[in-house]
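See below for my_file05.cif, which holds mmCIF, C-alpha atoms.
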```cif
data_query
loop_
_atom_site.label_atom_id
_atom_site.label_comp_id
_atom_site.auth_asym_id
_atom_site.auth_seq_id
_atom_site.Cartn_x
_atom_site.Cartn_y
_atom_site.Cartn_z
CA MET O 1 -47.28 246.67 138.37
CA ASN O 2 -45.67 248.77 141.09
CA LYS O 3 -42.78 247.84 143.37
CA GLU O 4 -44.99 247.01 146.36
CA LYS O 5 -47.05 244.51 144.39
CA ILE O 6 -43.91 242.80 143.06
CA ILE O 7 -42.49 242.48 146.58
CA LYS O 8 -45.82 241.13 147.83
CA ILE O 9 -45.95 238.49 145.07
CA LEU O 10 -42.34 237.46 145.76
CA LYS O 11 -43.12 237.03 149.45
CA GLU O 12 -46.25 235.00 148.70
CA LYS O 13 -44.36 232.79 146.25
CA SER O 14 -41.14 232.60 148.29
CA ASN O 15 -41.35 228.83 148.82
CA GLN O 16 -41.95 228.13 145.14
CA ILE O 17 -39.10 230.45 144.13
CA GLU O 18 -36.81 228.86 146.72
CA TYR O 19 -37.39 225.32 145.41
CA LEU O 20 -37.20 226.51 141.82
CA ILE O 21 -33.70 227.93 142.45
CA LEU O 22 -32.72 224.72 144.24
CA THR O 23 -33.99 222.63 141.32
CA ILE O 24 -32.07 224.75 138.81
CA SER O 25 -28.86 224.39 140.85
CA ILE O 26 -29.26 220.62 141.03
CA LEU O 27 -30.11 220.31 137.34
CA ILE O 28 -27.01 222.31 136.38
CA GLY O 29 -24.90 220.06 138.60
CA LEU O 30 -26.57 216.97 137.17
CA TYR O 31 -25.90 218.12 133.60
CA LEU O 32 -22.21 218.80 134.29
CA ARG O 33 -21.79 215.44 136.04
CA SER O 34 -23.45 213.56 133.19
CA LEU O 35 -21.07 214.89 130.51
CA PRO O 36 -18.64 211.92 130.74
CA ILE O 37 -21.42 209.33 130.39
CA PRO O 38 -21.61 209.17 126.55
CA LYS O 39 -17.87 208.38 126.43
CA LEU O 40 -18.32 205.52 128.88
CA GLU O 41 -20.57 203.73 126.36
CA GLY O 42 -22.69 202.20 129.10
CA LYS O 43 -19.93 199.85 130.29
CA TYR O 44 -16.75 201.70 131.31
CA GLN O 45 -15.91 203.20 134.70
CA LEU O 46 -13.94 206.35 135.53
CA GLU O 47 -11.60 204.69 138.00
CA VAL O 48 -10.16 201.24 138.66
CA ASP O 49 -12.14 200.30 141.79
CA GLY O 50 -15.35 200.69 139.83
CA TYR O 51 -14.66 197.52 137.85
CA LEU O 52 -14.45 195.46 141.05
CA PHE O 53 -17.71 196.96 142.37
CA LEU O 54 -19.34 196.29 139.01
CA ARG O 55 -18.23 192.66 138.95
CA TYR O 56 -19.47 192.06 142.50
CA THR O 57 -22.75 193.83 141.75
CA GLU O 58 -23.36 191.71 138.65
CA TYR O 59 -22.69 188.55 140.67
CA ILE O 60 -25.10 189.63 143.42
CA VAL O 61 -27.82 190.43 140.86
CA GLU O 62 -27.40 187.02 139.22
CA ASN O 63 -26.97 184.91 142.37
CA GLY O 64 -28.63 186.87 145.17
CA LYS O 65 -25.45 187.15 147.25
CA ILE O 66 -21.71 187.62 146.93
CA MET O 67 -19.50 184.65 146.03
CA LEU O 68 -17.78 182.73 148.82
CA LEU O 69 -14.44 182.85 147.03
CA ASP O 70 -13.33 185.30 144.36
CA LEU O 71 -11.01 183.29 142.12
CA MET O 72 -10.09 186.37 140.09
CA ARG O 73 -8.19 187.85 143.06
CA ASN O 74 -5.07 186.47 144.75
CA TYR O 75 -4.82 183.78 142.07
CA PRO O 76 -4.67 180.79 142.38
CA ALA O 77 -5.79 180.64 146.03
CA GLY O 78 -8.59 183.15 145.56
CA TYR O 79 -9.92 185.76 147.96
CA ASP O 80 -12.82 185.83 150.41
CA PRO O 81 -14.76 189.03 149.51
CA GLY O 82 -16.57 188.82 152.83
CA GLY O 83 -13.37 190.05 154.38
CA GLU O 84 -13.91 193.58 153.06
CA ASN O 85 -16.77 196.03 152.69
CA ILE O 86 -19.19 194.95 149.96
CA PHE O 87 -22.11 197.10 151.15
CA LEU O 88 -21.83 199.33 148.06
CA SER O 89 -22.21 196.39 145.69
CA TYR O 90 -25.34 195.23 147.52
CA PHE O 91 -26.72 198.78 147.45
CA ILE O 92 -26.23 199.13 143.69
CA ALA O 93 -27.64 195.63 143.11
CA TYR O 94 -30.90 196.53 144.88
CA LEU O 95 -30.91 199.94 143.20
CA TYR O 96 -30.71 198.08 139.88
CA LYS O 97 -33.70 195.91 140.83
CA ILE O 98 -35.75 199.00 141.65
CA ILE O 99 -34.80 200.80 138.44
CA THR O 100 -35.62 197.76 136.28
CA LEU O 101 -39.22 198.02 137.47
CA PHE O 102 -39.41 201.19 135.35
CA LEU O 103 -36.60 200.58 132.84
CA PRO O 104 -36.47 196.80 132.25
CA ASP O 105 -33.81 197.04 129.52
CA ILE O 106 -31.22 198.88 131.61
CA THR O 107 -28.02 196.96 132.41
CA VAL O 108 -26.16 196.61 135.70
CA ALA O 109 -23.21 198.50 134.19
CA GLN O 110 -25.46 201.41 133.24
CA VAL O 111 -26.90 201.55 136.76
CA THR O 112 -23.42 201.65 138.28
CA ILE O 113 -22.60 204.58 135.98
CA ILE O 114 -25.66 206.61 137.01
CA TYR O 115 -25.53 205.62 140.68
CA PRO O 116 -23.40 208.69 141.63
CA LEU O 117 -25.92 210.96 139.89
CA ILE O 118 -28.81 209.50 141.91
CA THR O 119 -26.95 209.91 145.19
CA PHE O 120 -25.92 213.43 144.11
CA ILE O 121 -29.55 214.55 143.70
CA LEU O 122 -30.59 213.09 147.06
CA SER O 123 -27.49 214.47 148.80
CA MET O 124 -28.13 218.00 147.53
CA VAL O 125 -31.75 217.99 148.70
CA LEU O 126 -30.67 216.75 152.13
CA PHE O 127 -27.82 219.25 152.32
CA PHE O 128 -30.21 222.08 151.46
CA LEU O 129 -32.69 221.00 154.14
CA LEU O 130 -29.88 220.55 156.68
CA VAL O 131 -28.40 224.02 156.18
CA LYS O 132 -31.88 225.55 156.10
CA LYS O 133 -32.60 224.00 159.51
CA LEU O 134 -29.43 225.57 160.88
CA THR O 135 -29.63 228.97 159.14
CA ASN O 136 -32.16 230.22 156.60
CA SER O 137 -33.27 229.71 153.00
CA GLU O 138 -30.91 232.25 151.46
CA ILE O 139 -27.77 230.83 153.07
CA SER O 140 -28.94 227.29 152.29
CA LEU O 141 -29.37 228.08 148.59
CA ILE O 142 -25.94 229.72 148.40
CA ALA O 143 -24.26 226.84 150.27
CA THR O 144 -25.95 224.24 148.06
CA ALA O 145 -24.97 226.07 144.87
CA TYR O 146 -21.39 226.23 146.12
CA LEU O 147 -21.29 222.53 146.97
CA VAL O 148 -22.68 221.67 143.53
CA ILE O 149 -19.52 223.06 141.90
CA PHE O 150 -17.02 222.34 144.72
CA PRO O 151 -14.13 220.56 142.90
CA HIS O 152 -13.44 217.73 145.36
CA PHE O 153 -17.12 216.86 145.67
CA PHE O 154 -17.68 217.35 141.95
CA PHE O 155 -15.21 214.63 140.95
CA ARG O 156 -16.60 212.16 143.50
CA SER O 157 -20.13 212.56 142.19
CA LEU O 158 -19.40 212.34 138.46
CA GLY O 159 -21.35 209.86 136.39
CA GLY O 160 -19.18 206.76 136.19
CA PHE O 161 -17.33 207.39 139.47
CA VAL O 162 -18.33 204.07 141.01
CA ASP O 163 -16.88 204.14 144.49
CA LYS O 164 -17.92 204.40 148.13
CA GLU O 165 -17.81 208.21 148.51
CA PRO O 166 -21.14 209.10 146.80
CA LEU O 167 -23.07 206.69 149.01
CA GLY O 168 -21.13 207.63 152.14
CA ILE O 169 -21.86 211.33 151.59
CA LEU O 170 -25.58 210.62 151.14
CA PHE O 171 -25.81 208.73 154.43
CA MET O 172 -23.69 211.37 156.17
CA PHE O 173 -26.04 214.22 155.19
CA LEU O 174 -29.09 212.16 156.10
CA SER O 175 -27.71 211.28 159.54
CA TYR O 176 -26.76 214.93 160.18
CA TYR O 177 -30.25 216.07 159.19
CA LEU O 178 -31.93 213.57 161.50
CA TYR O 179 -29.56 214.52 164.31
CA ILE O 180 -30.54 218.20 163.96
CA LEU O 181 -34.21 217.19 163.95
CA ALA O 182 -33.59 215.31 167.19
CA LEU O 183 -31.91 218.33 168.79
CA GLN O 184 -34.58 220.80 167.72
CA ASN O 185 -37.62 218.66 168.46
CA LYS O 186 -39.33 219.38 171.79
CA ILE O 187 -41.11 216.04 172.08
CA ILE O 188 -38.95 213.48 173.91
CA LYS O 189 -40.35 210.51 171.94
CA ASN O 190 -39.48 212.21 168.65
CA LYS O 191 -36.02 213.14 169.94
CA ILE O 192 -35.30 209.51 170.73
CA CYS O 193 -36.65 208.24 167.39
CA PHE O 194 -34.71 210.77 165.31
CA GLY O 195 -31.60 210.18 167.40
CA ILE O 196 -31.75 206.41 166.91
CA LEU O 197 -32.33 206.80 163.16
CA ALA O 198 -29.42 209.26 162.95
CA GLY O 199 -27.15 206.72 164.68
CA ILE O 200 -28.24 203.88 162.41
CA LEU O 201 -27.72 205.93 159.26
CA TRP O 202 -24.35 207.19 160.51
CA GLY O 203 -23.37 203.54 160.95
CA LEU O 204 -24.54 202.72 157.42
CA GLY O 205 -22.53 205.69 156.16
CA MET O 206 -19.41 204.32 157.83
CA LEU O 207 -20.20 200.87 156.44
CA ALA O 208 -20.51 202.37 152.97
CA SER O 209 -17.30 204.40 153.29
CA LEU O 210 -14.88 201.95 154.89
CA ARG O 211 -13.07 199.21 152.99
#
```
Starting from the file, give its structure as structure tokens.
Amino acid sequence: MNKEKIIKILKEKSNQIEYLILTISILIGLYLRSLPIPKLEGKYQLEVDGYLFLRYTEYIVENGKIMLLDLMRNYPAGYDPGGENIFLSYFIAYLYKIITLFLPDITVAQVTIIYPLITFILSMVLFFLLVKKLTNSEISLIATAYLVIFPHFFFRSLGGFVDKEPLGILFMFLSYYLYILALQNKIIKNKICFGILAGILWGLGMLASLR
């Protein structure tokens, strides 16, 4: 096979090659982020806040909503959890209900541990599409591969890192992507729809990130 034929095949298969490279990058990142999971034994968290989110999530799964008074905080008076952001606990609770449709034996603790990995996959796909919209495929692949191993992002998307950042980052990328779609779309109706969705998701991202 000569050089011209190879180049022609690569051009014809450019989309498949592009998504293959993206998939490999994400799988490598997923593997590295899953390394701590065996040591967590399906019940431990990587940082202290995760235990609070886990306890609230378990309560929501069992009772359908958060408790009115958390007697394990500010003892003996208790604490009203409605006074702070509990969006993450509700998100993980509903994520658990979805996952149990396919894996009925999985526990709430196990879902909280893998929740950052799920948001990592979705965030990387959205980041790739976002950068591709603004530049091109080559730059998007390089940027995504860099973000996969970027230290500050890496720690906040580790399996077992149960905190607000993984969810906030996911909503942030999604709102940015919809905002760019709104700017680049030439149909006014679509601009408005994408713009409204971008605003809603940006608000959800802030709700997920703030305490």
Exercise. Carefully work through the PyMOL selection byres ((chain O and resi 48-52) around 10) for this structure and note down the residues it includes, as a PyMOL selection string.
Key: chain O and resi 43-47+53-58+89+109+112-113+160-164
Quiz prompt | Proximity to Phe173 (chain O) - best of O:Leu207, O:Ile26, O:Leu130, O:Ile188, only C-alpha atoms | solution = O:Leu130
I need the residue set behind the PyMOL selection byres ((chain O and resi 95-105) around 12) for this file; please write it as a compact mmCIF listing (two decimals) with C-alpha atoms, in the frame of the given file.
```
# COMPACT_ATOMS: atom_id res chain seq x y z
CA LEU O 54 -19.34 196.29 139.01
CA THR O 57 -22.75 193.83 141.75
CA GLU O 58 -23.36 191.71 138.65
CA ILE O 60 -25.10 189.63 143.42
CA VAL O 61 -27.82 190.43 140.86
CA GLU O 62 -27.40 187.02 139.22
CA GLY O 64 -28.63 186.87 145.17
CA LEU O 88 -21.83 199.33 148.06
CA SER O 89 -22.21 196.39 145.69
CA TYR O 90 -25.34 195.23 147.52
CA PHE O 91 -26.72 198.78 147.45
CA ILE O 92 -26.23 199.13 143.69
CA ALA O 93 -27.64 195.63 143.11
CA TYR O 94 -30.90 196.53 144.88
CA ILE O 106 -31.22 198.88 131.61
CA THR O 107 -28.02 196.96 132.41
CA VAL O 108 -26.16 196.61 135.70
CA ALA O 109 -23.21 198.50 134.19
CA GLN O 110 -25.46 201.41 133.24
CA VAL O 111 -26.90 201.55 136.76
CA THR O 112 -23.42 201.65 138.28
CA ILE O 113 -22.60 204.58 135.98
CA ILE O 114 -25.66 206.61 137.01
CA TYR O 115 -25.53 205.62 140.68
CA PRO O 116 -23.40 208.69 141.63
CA ILE O 118 -28.81 209.50 141.91
CA THR O 119 -26.95 209.91 145.19
CA LEU O 167 -23.07 206.69 149.01
```
Box in all listed atoms of region 154-171 of chain O, axis-aligned, with 6 Å more on each side; write out centre and edge lengths in Å to one decimal as lines of an AutoDock Vina configuration file.
```
center_x = -20.5
center_y = 210.7
center_z = 145.3
size_x = 22.6
size_y = 25.3
size_z = 30.2
```
Mind running region 98-205 of chain O against region 27-39 of chain O at 6 Å and telling me each contacting residue's nearest atom pair with the distance in Å (one decimal), counting all atoms listed in the file, chain and number ascending, as a tab-separated table?
```
residue	atom	partner	partner_atom	distance
O:Val148	CA	O:Gly29	CA	5.6
O:Leu158	CA	O:Arg33	CA	4.6
O:Gly159	CA	O:Ser34	CA	5.3
```
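CA of Met124 (chain O) is positioned 12.0 Å from CA of Tyr19 (chain O).
Taking CA of Leu174 (chain O) and CA of Ile86 (chain O) as the two end points, the separation is 20.8 Å.
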Self-check item: Best match for closeness to Thr144 (chain O) among O:Met72, O:Ile24, O:Leu183, O:Ile192, counting all atoms listed in the file
Solution: O:Ile24
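Shortest separation to Lys65 (chain O) among O:Gly82, O:Thr23, O:Ile121, O:Arg156 occurs at residue O:Gly82, atoms counted being all atoms listed in the file.
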